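For reference, the structure is listed below as C-alpha cells.
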Protein chains: 2
Amino acid sequence: MNLKDLSDLLGLSQTTVSRALNGYPEVRESTRQKVMEAARAHNYAPNTRAKTLATGKAMTIGHVLPVSKKHEMVNPIFADFIAGAGEIYSDNGFDLLLSVVDDDSEEASYRKLVSRGAVDGIIVHGPKVNDSRIALLRELGVPFVVHGRSTEIEADYSWVDVNNTRAFQRVTEFLLDLGHRRIALLNGLADMDFATRRGAGYVAALEERGMQVDPALMFHEEMTENFGFEIACSLLAQDNPPTAFVVSSIIPAIGVRRAISDAGLEMGKDVSVVIHDDALSYFSNDGDEPAFTAVRSSVRQAGRHVAQALINKIATPGAPVHQEMLEAVLAVGRSTGQAPALRQALEQEK
Amino acid sequence: MNLKDLSDLLGLSQTTVSRALNGYPEVRESTRQKVMEAARAHNYAPNTRAKTLATGKAMTIGHVLPVSKKHEMVNPIFADFIAGAGEIYSDNGFDLLLSVVDDDSEEASYRKLVSRGAVDGIIVHGPKVNDSRIALLRELGVPFVVHGRSTEIEADYSWVDVNNTRAFQRVTEFLLDLGHRRIALLNGLADMDFATRRGAGYVAALEERGMQVDPALMFHEEMTENFGFEIACSLLAQDNPPTAFVVSSIIPAIGVRRAISDAGLEMGKDVSVVIHDDALSYFSNDGDEPAFTAVRSSVRQAGRHVAQALINKIATPGAPVHQEMLEAVLAVGRSTGQAPALRQALEQEK
DNA sequence: CCAATTTACCAAAGCGCTTTGAAAAAAGCA
DNA sequence: TGCTTTTTTCAAAGCGCTTTGGTAAATTGG
C-alpha cells in the first residue's frame, strides 16, 4: 500500500492525502478523519526512503561502534547508552543507524555516512585524549555530539560528559579520610579521555594532601574482569600491598573482589574498593547499602541527554554548542572501611 | 556533490557515471577509471535514500531492542551479538537499523518497520517459548531470522540456535559424575525459550540417572549478578545446601561466586559451579584453565551466522528456511571438583 | 567499401513521497 | 444576485538515483 493506492481508494489526490496525514491545515477536518481512518485500516505508513528523499532529512542518527580486531572488545556500556538514546529517538521519530567497523577504518566510515546522506547527525563514543574525529566531523559539517570530551582539542563542540576528575578526586579523598595511604588506581586505556581525567582527579587528591604519587600503583588497561583480577592479585602479593583500590568500572572491580577473597582477605575491612559505577542494568549496585562504594552516573541517562542534545542541534542549526556536565553521586557501600593501620591505632587509644 | 554534479563535471551523462560506478560492462574501461577517480577525488558517494528508492531495496536490516520499562534491563549479550552481525553487514553493504522500544509496543514497532519499507529483513532477539513475533513477521511477509527458537511455534522459520538442551544435559551429567547430588539451577526468565530448553536438559540428565528433580532448586529470573548472589546466599544457608550450581550466564555466576566466598567456602572444592558462557568480551573465561567450567558458545559468532543467514535469505527469496544448530563446547575450569561426600568416601577407602 | 554487429554513451521514465502554484468549490458580503 | 474572499482540492515538479529503450560511433566481415 502506497500513497497512490490510498488516494485512489479514497478518490482524493495524493496531495490531499499527504497533507491530511501530516497535519497540514488546508484540509477539511472530515476529510482528514476519513484519510486517517483509511490509512489505519490499510496499515499504511509512508515509505521512509521516499519521504526522506523528498524532505531532504534522513531522520536518522548515526552511531559508530568501533570494534578492535585485536581485542575483539565491545564497549560494555554501549548497550545501556544506546537504550537511553534510543528512547529519545523513538519519541522524536528518529531512526538509529548503527555502523560496526574495525577501528582502523573508522574515519572512512564517518565520511561515508555523511556523503551518502544516510544520517542527519552523529554521536561520538569513547573520545580519545586527542580525538581526530572531532575535527573530521566539523570539516564534514554534520551535527554531532560527543559522549565525553577530548582534552587536547581546542575547538568548540557539543558534548555531554561526567565530571570524571571531580568524581575521582572525591573518592580518593574519601579513601584518604579513612586513613588509606597506599591506594591503587585501575583505570581504562591510557589514550581514553575519561581515563586521563580520572587519573588527574586521583593525582589531585593525593597531591592536595602532600602525598607522593606512586606510578607503580597506577594501571591502564582495557577494563575487563580479568584485568582487575590480575592486577589485584599481584599487588596484594607484594610486601607492602595497597590497602585500597580505585577502579574505573564495576567490571574490573569484580575481578578485584575475586582477588581479595582469593587472598583470604575481606573487602571493606582489610582492603577497600571504590568504583565508578555506570549503573549498568545487569550489575545493579544500588539499594541502601550497595556492594561497592561508588561514584555513580547512569550511562543510560547520559544516552538520553546526548541524544536530546543532538536532536535539538539538528532542529536548530544555528544554535550555540551544547556542553553539559553531569555530576556523579558518591554512594557509600560495603566495600570501604577504615584503613587497617588507622583502625588499630584508634583501638590502641581506647 | 551528487550524481548530476559529478556527471556535469566529467562531461558524461548520469547514466554512464552511474554505470561506471556500479560496475556495469557497457562502459569503456578508460571512462570507468576517470569516473572512479573523480568520484574519489570529490568524495562522492551515491545518496543512500535515492539509491534505495530507485532500487527498491533498503539495504538495511532491522533489529528491535525491547527495553522493559519496569526492569530497565538491556540484554547484556546484545552488544556482542550486534558486533558480530555488524561485521557481516559491513562486508555486504548493509546498514543496521536499531529500534529501541518498550516491550509493550514491540509488535507495532515491527509492523511499522515493514510498512515504512525501512528494512529488507529483521532479526528476532530473545524468542519466548511461544513467540507471537514469528507469526507476525510471516504475515508481514518480511524475511527474518530468529536468534534462538520458539518451542511452541509449529511453523517453519529460519533460526540459528545453540543446542541448549544438550549443553545443559552435558554439564549436569558432568556434575553428577563428580558425585554431586543436590544441584541447583539458576536459569533465565521462565518464558524465555532458551531457559526452557536449558531447564529441560538439566531435568533430562537427572532423570536419566533416576534422580528426583527438586523444584526448590530451580530458579528463573532476570540474569543479573544480584540474582545469582541472592539465591546462592539463601541456598547455602540451608540445612542441606546444594553442592553444585548450574548457572545460565556468567553474570549471575559472578554473584554465586561472591555468595560462596562470603559463606567462607571455596568454589571448585566445597561448591562447584558450571555456567553457560556466551564469551562476552569483558568477561573472558578462557585460557587453559578458565575460572569457570563452562559450556561455551560465542554469541558474537552467533551474530555473524544469523546475519549471514538473513542476507542469504534476502538475496534468494525462494530458498528454503535456514535452521542451524550451534554446539557449545564443554571446557573444564577451576570452578568444579568432586562432591565433598564423594571425596571423603574415596579418602576413607585409601 | 558498405552492411551488420558490437560498443559506448545518452535522454527520459520511474521509485514514493512532499510541496509549489493554480484551480475549483464554498462561503461571505453588499 | 453577483462579486470577492476563503477554503478545499488537485496537477505537476522535484528529491537523487537506477534502468529501460534507444541512438551514434566504432568495429567487424564479406
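By convention here, the chains of the C-alpha cells are called A, B, ... in the order presented, each chain's residues are numbered starting at 1, and ligands are numbered starting at 1 in the order presented.
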If you count only C-alpha atoms (C1' of nucleotides), which residues fall within 9 Å of B:Pro252, apart from same-chain ones fewer than 4 positions away, as an NGL selection string? (:A and (282)) or (:B and (186 or 223-229 or 247-248 or 256-257))
Kindly export the residues of the current selection with N, CA and C atoms, as a PDB file, in the first residue's frame.
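Produced file selection_23.pdb, reproduced below:
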```pdb
ATOM      1  N   TYR A 282      22.657  -4.913  34.338  1.00  0.00           N
ATOM      2  CA  TYR A 282      22.868  -6.249  34.902  1.00  0.00           C
ATOM      3  C   TYR A 282      23.788  -6.271  36.120  1.00  0.00           C
TER       4      TYR A 282
ATOM      5  N   LEU B 186      20.211 -22.100  38.187  1.00  0.00           N
ATOM      6  CA  LEU B 186      19.856 -20.681  38.127  1.00  0.00           C
ATOM      7  C   LEU B 186      19.681 -20.329  36.662  1.00  0.00           C
ATOM      8  N   MET B 223      18.784 -12.446  34.527  1.00  0.00           N
ATOM      9  CA  MET B 223      20.099 -12.969  34.898  1.00  0.00           C
ATOM     10  C   MET B 223      21.101 -11.904  35.350  1.00  0.00           C
ATOM     11  N   THR B 224      20.803 -11.293  36.452  1.00  0.00           N
ATOM     12  CA  THR B 224      21.698 -10.272  36.986  1.00  0.00           C
ATOM     13  C   THR B 224      22.678 -10.880  37.990  1.00  0.00           C
ATOM     14  N   GLU B 225      23.673 -10.092  38.293  1.00  0.00           N
ATOM     15  CA  GLU B 225      24.651 -10.521  39.286  1.00  0.00           C
ATOM     16  C   GLU B 225      23.975 -10.731  40.632  1.00  0.00           C
ATOM     17  N   ASN B 226      23.067  -9.842  40.934  1.00  0.00           N
ATOM     18  CA  ASN B 226      22.344  -9.915  42.199  1.00  0.00           C
ATOM     19  C   ASN B 226      21.498 -11.168  42.347  1.00  0.00           C
ATOM     20  N   PHE B 227      20.857 -11.547  41.258  1.00  0.00           N
ATOM     21  CA  PHE B 227      20.053 -12.766  41.264  1.00  0.00           C
ATOM     22  C   PHE B 227      20.923 -13.935  41.716  1.00  0.00           C
ATOM     23  N   GLY B 228      22.087 -14.086  41.109  1.00  0.00           N
ATOM     24  CA  GLY B 228      22.990 -15.170  41.487  1.00  0.00           C
ATOM     25  C   GLY B 228      23.387 -15.100  42.947  1.00  0.00           C
ATOM     26  N   PHE B 229      23.675 -13.906  43.358  1.00  0.00           N
ATOM     27  CA  PHE B 229      24.133 -13.721  44.745  1.00  0.00           C
ATOM     28  C   PHE B 229      23.049 -14.076  45.757  1.00  0.00           C
ATOM     29  N   VAL B 247      24.526 -22.518  36.175  1.00  0.00           N
ATOM     30  CA  VAL B 247      24.106 -21.126  36.042  1.00  0.00           C
ATOM     31  C   VAL B 247      24.075 -20.730  34.567  1.00  0.00           C
ATOM     32  N   SER B 248      23.001 -20.042  34.189  1.00  0.00           N
ATOM     33  CA  SER B 248      22.737 -19.780  32.773  1.00  0.00           C
ATOM     34  C   SER B 248      23.599 -18.700  32.134  1.00  0.00           C
ATOM     35  N   VAL B 256      27.049 -15.788  42.289  1.00  0.00           N
ATOM     36  CA  VAL B 256      27.136 -17.053  43.022  1.00  0.00           C
ATOM     37  C   VAL B 256      28.528 -17.179  43.649  1.00  0.00           C
ATOM     38  N   ARG B 257      29.524 -16.858  42.876  1.00  0.00           N
ATOM     39  CA  ARG B 257      30.898 -16.941  43.392  1.00  0.00           C
ATOM     40  C   ARG B 257      31.064 -16.055  44.623  1.00  0.00           C
TER      41      ARG B 257
END
```
Counting only C-alpha atoms (C1' of nucleotides), what is within 7 Å of B:Val162, bar same-chain residues fewer than 4 positions away, as a PyMOL selection string? chain B and resi 325-328
Write out, as an mmCIF file, in the first residue's frame, the residues just selected, with all heavy atoms.
```
data_model
loop_
_atom_site.group_PDB
_atom_site.id
_atom_site.type_symbol
_atom_site.label_atom_id
_atom_site.label_comp_id
_atom_site.auth_asym_id
_atom_site.auth_seq_id
_atom_site.Cartn_x
_atom_site.Cartn_y
_atom_site.Cartn_z
ATOM 1 N N MET B 325 22.062 -25.321 13.989
ATOM 2 C CA MET B 325 22.287 -25.603 15.399
ATOM 3 C C MET B 325 23.769 -25.479 15.716
ATOM 4 O O MET B 325 24.595 -26.180 15.129
ATOM 5 C CB MET B 325 21.821 -27.027 15.695
ATOM 6 C CG MET B 325 21.823 -27.345 17.152
ATOM 7 S SD MET B 325 20.408 -26.596 17.969
ATOM 8 C CE MET B 325 19.342 -28.036 18.055
ATOM 9 N N LEU B 326 24.083 -24.608 16.635
ATOM 10 C CA LEU B 326 25.472 -24.471 17.065
ATOM 11 C C LEU B 326 25.677 -25.321 18.312
ATOM 12 O O LEU B 326 24.818 -25.346 19.203
ATOM 13 C CB LEU B 326 25.781 -23.004 17.384
ATOM 14 C CG LEU B 326 25.470 -22.002 16.268
ATOM 15 C CD1 LEU B 326 25.618 -20.566 16.774
ATOM 16 C CD2 LEU B 326 26.387 -22.233 15.080
ATOM 17 N N GLU B 327 26.798 -25.999 18.361
ATOM 18 C CA GLU B 327 27.059 -26.801 19.553
ATOM 19 C C GLU B 327 27.965 -26.028 20.514
ATOM 20 O O GLU B 327 28.887 -25.344 20.093
ATOM 21 C CB GLU B 327 27.713 -28.136 19.181
ATOM 22 C CG GLU B 327 26.777 -29.091 18.446
ATOM 23 C CD GLU B 327 25.565 -29.551 19.279
ATOM 24 O OE1 GLU B 327 25.641 -29.540 20.516
ATOM 25 O OE2 GLU B 327 24.532 -29.896 18.660
ATOM 26 N N ALA B 328 27.675 -26.147 21.787
ATOM 27 C CA ALA B 328 28.506 -25.486 22.792
ATOM 28 C C ALA B 328 29.610 -26.442 23.237
ATOM 29 O O ALA B 328 29.395 -27.643 23.346
ATOM 30 C CB ALA B 328 27.653 -25.076 23.983
#
```
Can you work out which residues from chain B touch chain C at a cut-off of 6 Å (counting only C-alpha atoms (C1' of nucleotides)) and hand them back as a VMD selection string? chain B and resid 27 53 to 54
Do you have, as a Markdown table, the list of residues of chain B lying at most 8 Å from chain A, each with its nearest atom pair and that distance in Å to one decimal, counting only C-alpha atoms and ordered by chain then number?
```
| residue | atom | partner | partner_atom | distance |
| --- | --- | --- | --- | --- |
| B:Asn43 | CA | A:Ser115 | CA | 7.2 |
| B:Tyr44 | CA | A:Ser115 | CA | 6.5 |
| B:Ala45 | CA | A:Arg116 | CA | 5.2 |
| B:Pro46 | CA | A:Arg116 | CA | 5.6 |
| B:Asn47 | CA | A:Arg116 | CA | 4.4 |
| B:Thr48 | CA | A:Arg116 | CA | 5.3 |
| B:Arg49 | CA | A:Arg49 | CA | 5.2 |
| B:Ala50 | CA | A:Leu53 | CA | 6.1 |
| B:Thr52 | CA | A:Arg49 | CA | 6.9 |
| B:Leu53 | CA | A:Arg49 | CA | 5.8 |
| B:Ala58 | CA | A:Arg49 | CA | 7.8 |
| B:Leu65 | CA | A:Ala83 | CA | 7.9 |
| B:Val67 | CA | A:Ala83 | CA | 7.3 |
| B:Glu72 | CA | A:Ser281 | CA | 6.7 |
| B:Met73 | CA | A:Ser281 | CA | 5.2 |
| B:Val74 | CA | A:Asp80 | CA | 6.3 |
| B:Asn75 | CA | A:Ala79 | CA | 7.9 |
| B:Pro76 | CA | A:Tyr282 | CA | 7.1 |
| B:Phe78 | CA | A:Ala79 | CA | 6.9 |
| B:Ala79 | CA | A:Ala79 | CA | 5.7 |
| B:Asp80 | CA | A:Val74 | CA | 6.3 |
| B:Ala83 | CA | A:Val100 | CA | 6.3 |
| B:Gly86 | CA | A:Val100 | CA | 5.0 |
| B:Glu87 | CA | A:Val100 | CA | 6.2 |
| B:Ser90 | CA | A:Val100 | CA | 7.0 |
| B:Asp95 | CA | A:Ser99 | CA | 6.9 |
| B:Leu96 | CA | A:Leu98 | CA | 5.3 |
| B:Leu97 | CA | A:Leu97 | CA | 4.8 |
| B:Leu98 | CA | A:Leu96 | CA | 5.3 |
| B:Ser99 | CA | A:Leu96 | CA | 6.7 |
| B:Val100 | CA | A:Gly86 | CA | 5.0 |
| B:Val101 | CA | A:Glu87 | CA | 6.9 |
| B:Lys112 | CA | A:Ala45 | CA | 7.0 |
| B:Ser115 | CA | A:Ala45 | CA | 5.6 |
| B:Arg116 | CA | A:Asn47 | CA | 4.4 |
| B:Gly117 | CA | A:Asn47 | CA | 5.4 |
| B:Ala118 | CA | A:Thr48 | CA | 5.8 |
| B:Met223 | CA | A:Tyr282 | CA | 7.3 |
| B:Thr224 | CA | A:Tyr282 | CA | 4.7 |
| B:Glu225 | CA | A:Phe283 | CA | 5.7 |
| B:Asn226 | CA | A:Ser284 | CA | 7.2 |
| B:Ile251 | CA | A:Tyr282 | CA | 7.6 |
| B:Ile254 | CA | A:Ile254 | CA | 8.0 |
| B:Arg258 | CA | A:Arg258 | CA | 7.7 |
| B:Ser261 | CA | A:Ser261 | CA | 6.8 |
| B:Ser281 | CA | A:Met73 | CA | 5.2 |
| B:Tyr282 | CA | A:Thr224 | CA | 4.7 |
| B:Phe283 | CA | A:Glu225 | CA | 5.7 |
| B:Ser284 | CA | A:Asn226 | CA | 7.2 |
```
I need the residues from that last selection saved to file as a short mmCIF file (atom, residue, chain, number, x, y, z; two decimals), in the first residue's frame (with N, CA and C atoms), if you can.
```
data_model
loop_
_atom_site.label_atom_id
_atom_site.label_comp_id
_atom_site.auth_asym_id
_atom_site.auth_seq_id
_atom_site.Cartn_x
_atom_site.Cartn_y
_atom_site.Cartn_z
N ASN B 43 35.00 12.91 -3.24
CA ASN B 43 34.34 12.26 -2.11
C ASN B 43 32.87 12.02 -2.39
N TYR B 44 32.62 11.55 -3.58
CA TYR B 44 31.23 11.29 -3.93
C TYR B 44 30.81 9.89 -3.50
N ALA B 45 29.66 9.82 -2.88
CA ALA B 45 29.03 8.53 -2.61
C ALA B 45 27.55 8.72 -2.92
N PRO B 46 26.95 7.80 -3.64
CA PRO B 46 25.55 7.97 -4.01
C PRO B 46 24.67 8.10 -2.78
N ASN B 47 23.72 8.99 -2.86
CA ASN B 47 22.79 9.20 -1.76
C ASN B 47 22.00 7.93 -1.48
N THR B 48 22.15 7.47 -0.24
CA THR B 48 21.51 6.21 0.14
C THR B 48 20.02 6.21 -0.12
N ARG B 49 19.38 7.28 0.25
CA ARG B 49 17.92 7.29 0.20
C ARG B 49 17.45 7.26 -1.25
N ALA B 50 18.14 8.01 -2.11
CA ALA B 50 17.77 8.00 -3.52
C ALA B 50 18.05 6.62 -4.12
N THR B 52 18.26 3.67 -2.64
CA THR B 52 17.37 2.62 -2.18
C THR B 52 15.96 2.83 -2.74
N LEU B 53 15.58 4.08 -2.93
CA LEU B 53 14.27 4.34 -3.52
C LEU B 53 14.25 3.78 -4.94
N ALA B 58 16.14 -1.66 0.57
CA ALA B 58 16.53 -0.73 1.62
C ALA B 58 17.98 -0.92 2.03
N LEU B 65 15.26 -3.73 19.79
CA LEU B 65 15.76 -3.95 21.15
C LEU B 65 14.67 -3.56 22.12
N VAL B 67 13.07 -2.84 25.54
CA VAL B 67 13.59 -2.48 26.85
C VAL B 67 12.41 -2.40 27.79
N GLU B 72 14.00 -2.04 33.27
CA GLU B 72 15.08 -1.21 32.70
C GLU B 72 16.28 -2.07 32.33
N MET B 73 16.00 -3.27 31.88
CA MET B 73 17.09 -4.19 31.57
C MET B 73 17.43 -4.13 30.09
N VAL B 74 18.69 -4.18 29.79
CA VAL B 74 19.14 -4.31 28.43
C VAL B 74 19.92 -5.60 28.35
N ASN B 75 19.52 -6.46 27.48
CA ASN B 75 20.17 -7.75 27.34
C ASN B 75 21.68 -7.59 27.18
N PRO B 76 22.45 -8.16 28.12
CA PRO B 76 23.89 -7.92 28.10
C PRO B 76 24.61 -8.61 26.93
N PHE B 78 23.52 -8.43 24.03
CA PHE B 78 23.14 -7.70 22.83
C PHE B 78 24.32 -7.06 22.11
N ALA B 79 25.16 -6.39 22.87
CA ALA B 79 26.27 -5.67 22.24
C ALA B 79 27.20 -6.61 21.49
N ASP B 80 27.51 -7.72 22.09
CA ASP B 80 28.41 -8.66 21.41
C ASP B 80 27.75 -9.27 20.17
N ALA B 83 27.80 -6.78 17.44
CA ALA B 83 29.15 -6.61 16.91
C ALA B 83 29.42 -7.67 15.85
N GLY B 86 27.09 -6.99 12.85
CA GLY B 86 27.52 -5.78 12.17
C GLY B 86 28.70 -6.00 11.23
N GLU B 87 29.59 -6.86 11.62
CA GLU B 87 30.72 -7.18 10.73
C GLU B 87 30.22 -7.69 9.39
N SER B 90 28.56 -4.88 7.32
CA SER B 90 29.56 -4.02 6.69
C SER B 90 30.13 -4.67 5.44
N ASP B 95 23.13 -1.71 6.04
CA ASP B 95 23.11 -0.89 7.25
C ASP B 95 22.30 -1.61 8.32
N LEU B 96 22.51 -1.17 9.54
CA LEU B 96 21.81 -1.78 10.66
C LEU B 96 20.95 -0.73 11.32
N LEU B 97 19.66 -0.97 11.29
CA LEU B 97 18.71 -0.04 11.90
C LEU B 97 18.25 -0.61 13.23
N LEU B 98 18.51 0.15 14.27
CA LEU B 98 18.21 -0.35 15.61
C LEU B 98 17.03 0.42 16.18
N SER B 99 16.02 -0.31 16.56
CA SER B 99 14.82 0.30 17.10
C SER B 99 14.70 -0.04 18.58
N VAL B 100 14.78 0.95 19.41
CA VAL B 100 14.63 0.71 20.84
C VAL B 100 13.19 1.01 21.22
N VAL B 101 12.49 0.02 21.72
CA VAL B 101 11.08 0.21 22.07
C VAL B 101 10.78 -0.41 23.41
N LYS B 112 5.51 -1.29 11.77
CA LYS B 112 5.87 -0.01 11.18
C LYS B 112 7.15 -0.12 10.37
N SER B 115 6.05 -1.67 7.08
CA SER B 115 5.17 -0.90 6.19
C SER B 115 5.85 0.40 5.74
N ARG B 116 6.77 0.89 6.50
CA ARG B 116 7.54 2.07 6.08
C ARG B 116 8.58 1.70 5.04
N GLY B 117 8.76 0.40 4.83
CA GLY B 117 9.78 -0.03 3.88
C GLY B 117 11.19 0.31 4.35
N ALA B 118 11.36 0.38 5.65
CA ALA B 118 12.65 0.82 6.17
C ALA B 118 13.71 -0.28 6.15
N MET B 223 18.78 -12.45 34.53
CA MET B 223 20.10 -12.97 34.90
C MET B 223 21.10 -11.90 35.35
N THR B 224 20.80 -11.29 36.45
CA THR B 224 21.70 -10.27 36.99
C THR B 224 22.68 -10.88 37.99
N GLU B 225 23.67 -10.09 38.29
CA GLU B 225 24.65 -10.52 39.29
C GLU B 225 23.97 -10.73 40.63
N ASN B 226 23.07 -9.84 40.93
CA ASN B 226 22.34 -9.92 42.20
C ASN B 226 21.50 -11.17 42.35
N ILE B 251 27.16 -13.84 34.32
CA ILE B 251 26.86 -12.70 35.19
C ILE B 251 26.27 -13.13 36.53
N ILE B 254 28.84 -14.85 38.68
CA ILE B 254 29.73 -13.99 39.45
C ILE B 254 29.10 -13.72 40.83
N ARG B 258 30.46 -14.88 44.53
CA ARG B 258 30.54 -13.96 45.67
C ARG B 258 29.87 -14.56 46.90
N SER B 261 32.06 -17.28 48.43
CA SER B 261 33.21 -16.84 49.23
C SER B 261 32.75 -16.10 50.48
N SER B 281 32.86 -10.15 25.66
CA SER B 281 34.25 -9.71 25.56
C SER B 281 34.86 -9.23 26.88
N TYR B 282 34.03 -8.71 27.76
CA TYR B 282 34.61 -8.20 29.00
C TYR B 282 34.68 -9.22 30.12
N PHE B 283 34.20 -10.42 29.84
CA PHE B 283 34.27 -11.48 30.83
C PHE B 283 34.91 -12.72 30.24
N SER B 284 36.14 -12.54 29.77
CA SER B 284 36.76 -13.69 29.15
C SER B 284 36.92 -14.78 30.19
#
```
Considering only C-alpha atoms (C1' of nucleotides), state which residue in the set A:Leu12, A:Asp5, A:Gln301, A:Asn22 is at the smallest distance from chain D.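 That would be A:Leu12, the residue with the smallest distance to chain D.
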Using atom CA of B:Thr55 and atom C1' of D:DA12 as the two end points, give the distance in Å to one decimal.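 Distance between the two atoms: 23.5 Å.
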Might you pull out every residue within 9 Å of stretch 237-245 of chain B, with only C-alpha atoms (C1' of nucleotides) counted and same-chain residues fewer than 5 positions away left off, and present them as number ranges by chain? B: 175, 180-186, 217, 232, 253, 256, 263, 270-275, 336, 339-340
Resulting file, chosen residues, N, CA, C and O atoms, as a short mmCIF file (atom, residue, chain, number, x, y, z; two decimals), in the first residue's frame:
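This went into result_26.cif:
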```
data_model
loop_
_atom_site.label_atom_id
_atom_site.label_comp_id
_atom_site.auth_asym_id
_atom_site.auth_seq_id
_atom_site.Cartn_x
_atom_site.Cartn_y
_atom_site.Cartn_z
N LEU B 175 28.48 -32.86 36.41
CA LEU B 175 28.41 -32.68 37.87
C LEU B 175 28.02 -33.97 38.57
O LEU B 175 28.56 -34.31 39.62
N HIS B 180 28.05 -35.08 42.58
CA HIS B 180 27.08 -34.12 43.11
C HIS B 180 25.68 -34.69 43.01
O HIS B 180 25.34 -35.37 42.03
N ARG B 181 24.89 -34.47 44.03
CA ARG B 181 23.53 -34.97 44.04
C ARG B 181 22.50 -33.86 44.20
O ARG B 181 21.41 -33.95 43.69
N ARG B 182 22.86 -32.85 44.92
CA ARG B 182 21.97 -31.68 45.02
C ARG B 182 22.56 -30.56 44.17
O ARG B 182 23.55 -29.94 44.54
N ILE B 183 21.91 -30.36 43.03
CA ILE B 183 22.44 -29.41 42.05
C ILE B 183 21.39 -28.33 41.79
O ILE B 183 20.27 -28.63 41.36
N ALA B 184 21.73 -27.10 42.05
CA ALA B 184 20.78 -26.00 41.84
C ALA B 184 20.91 -25.49 40.40
O ALA B 184 21.97 -25.55 39.80
N LEU B 185 19.78 -25.03 39.88
CA LEU B 185 19.77 -24.45 38.53
C LEU B 185 19.34 -22.99 38.60
O LEU B 185 18.23 -22.69 39.04
N LEU B 186 20.21 -22.10 38.19
CA LEU B 186 19.86 -20.68 38.13
C LEU B 186 19.68 -20.33 36.66
O LEU B 186 20.65 -20.21 35.92
N LEU B 217 15.10 -26.31 43.88
CA LEU B 217 16.47 -25.99 43.47
C LEU B 217 16.51 -25.31 42.10
O LEU B 217 17.58 -25.05 41.55
N ALA B 232 22.09 -17.87 45.77
CA ALA B 232 23.16 -18.71 46.31
C ALA B 232 23.29 -18.49 47.82
O ALA B 232 23.47 -19.44 48.58
N ALA B 253 26.58 -15.99 37.68
CA ALA B 253 27.60 -16.87 38.26
C ALA B 253 28.60 -16.07 39.09
O ALA B 253 29.13 -16.55 40.09
N VAL B 256 27.05 -15.79 42.29
CA VAL B 256 27.14 -17.05 43.02
C VAL B 256 28.53 -17.18 43.65
O VAL B 256 28.67 -17.53 44.83
N ALA B 263 30.31 -17.01 52.19
CA ALA B 263 29.93 -18.07 53.13
C ALA B 263 31.16 -18.79 53.67
O ALA B 263 31.05 -19.77 54.40
N ASP B 270 34.47 -26.86 47.81
CA ASP B 270 33.27 -27.08 48.61
C ASP B 270 32.01 -27.02 47.75
O ASP B 270 31.05 -27.74 47.98
N VAL B 271 32.04 -26.14 46.83
CA VAL B 271 30.87 -25.95 45.96
C VAL B 271 31.35 -25.85 44.52
O VAL B 271 32.34 -25.16 44.23
N SER B 272 30.66 -26.56 43.64
CA SER B 272 31.02 -26.50 42.22
C SER B 272 30.04 -25.62 41.46
O SER B 272 28.87 -25.53 41.81
N VAL B 273 30.55 -24.99 40.42
CA VAL B 273 29.71 -24.12 39.59
C VAL B 273 30.03 -24.38 38.12
O VAL B 273 31.20 -24.41 37.73
N VAL B 274 28.99 -24.59 37.34
CA VAL B 274 29.19 -24.62 35.88
C VAL B 274 28.28 -23.57 35.27
O VAL B 274 27.22 -23.27 35.80
N ILE B 275 28.74 -23.02 34.18
CA ILE B 275 27.96 -21.93 33.57
C ILE B 275 27.78 -22.14 32.07
O ILE B 275 28.49 -22.93 31.45
N THR B 336 34.93 -26.37 39.29
CA THR B 336 34.28 -27.65 39.59
C THR B 336 35.25 -28.64 40.20
O THR B 336 36.45 -28.61 39.92
N ALA B 339 32.31 -33.87 44.44
CA ALA B 339 31.42 -33.51 45.53
C ALA B 339 32.10 -33.86 46.85
O ALA B 339 32.79 -34.89 46.94
N PRO B 340 31.96 -33.04 47.88
CA PRO B 340 32.64 -33.28 49.16
C PRO B 340 32.40 -34.70 49.69
O PRO B 340 33.34 -35.36 50.14
#
```
Atom CA of A:Ala315 to atom CA of A:Met59, distance in Å rounded to a single decimal: 10.8 Å
Nearest to A:Val306, chosen from A:Gly268, A:Gly337, A:Pro320, A:Gly148, with only C-alpha atoms counted in the distances: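 Nearest to A:Val306: A:Gly148.
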List as CSV every residue of chain D that is in contact with chain B, defined as an atom at most 7 Å from one of its atoms (using only C-alpha atoms (C1' of nucleotides)), together with the nearest atom pair and the distance in Å rounded to one decimal, sorted by chain and then rising number.
```
residue,atom,partner,partner_atom,distance
D:DG16,C1',B:Ala50,CA,4.9
D:DC17,C1',B:Ala50,CA,4.8
D:DT18,C1',B:Ala54,CA,5.5
```
Env of A:Lys34: 12 Å cut, atoms = only C-alpha atoms (C1' of nucleotides), seq-sep filter 2 positions within chain, self excluded. Answer as a ChimeraX atom specification. /A:6-7,9-12,16-17,20-21,27-32,36-41
Can you pull out every residue from stretch 45-131 of chain A that DSSP, working from the backbone, puts in helix (DSSP H, G or I), and format the result as a PyMOL selection string? chain A and resi 48-55+78-92+103-115
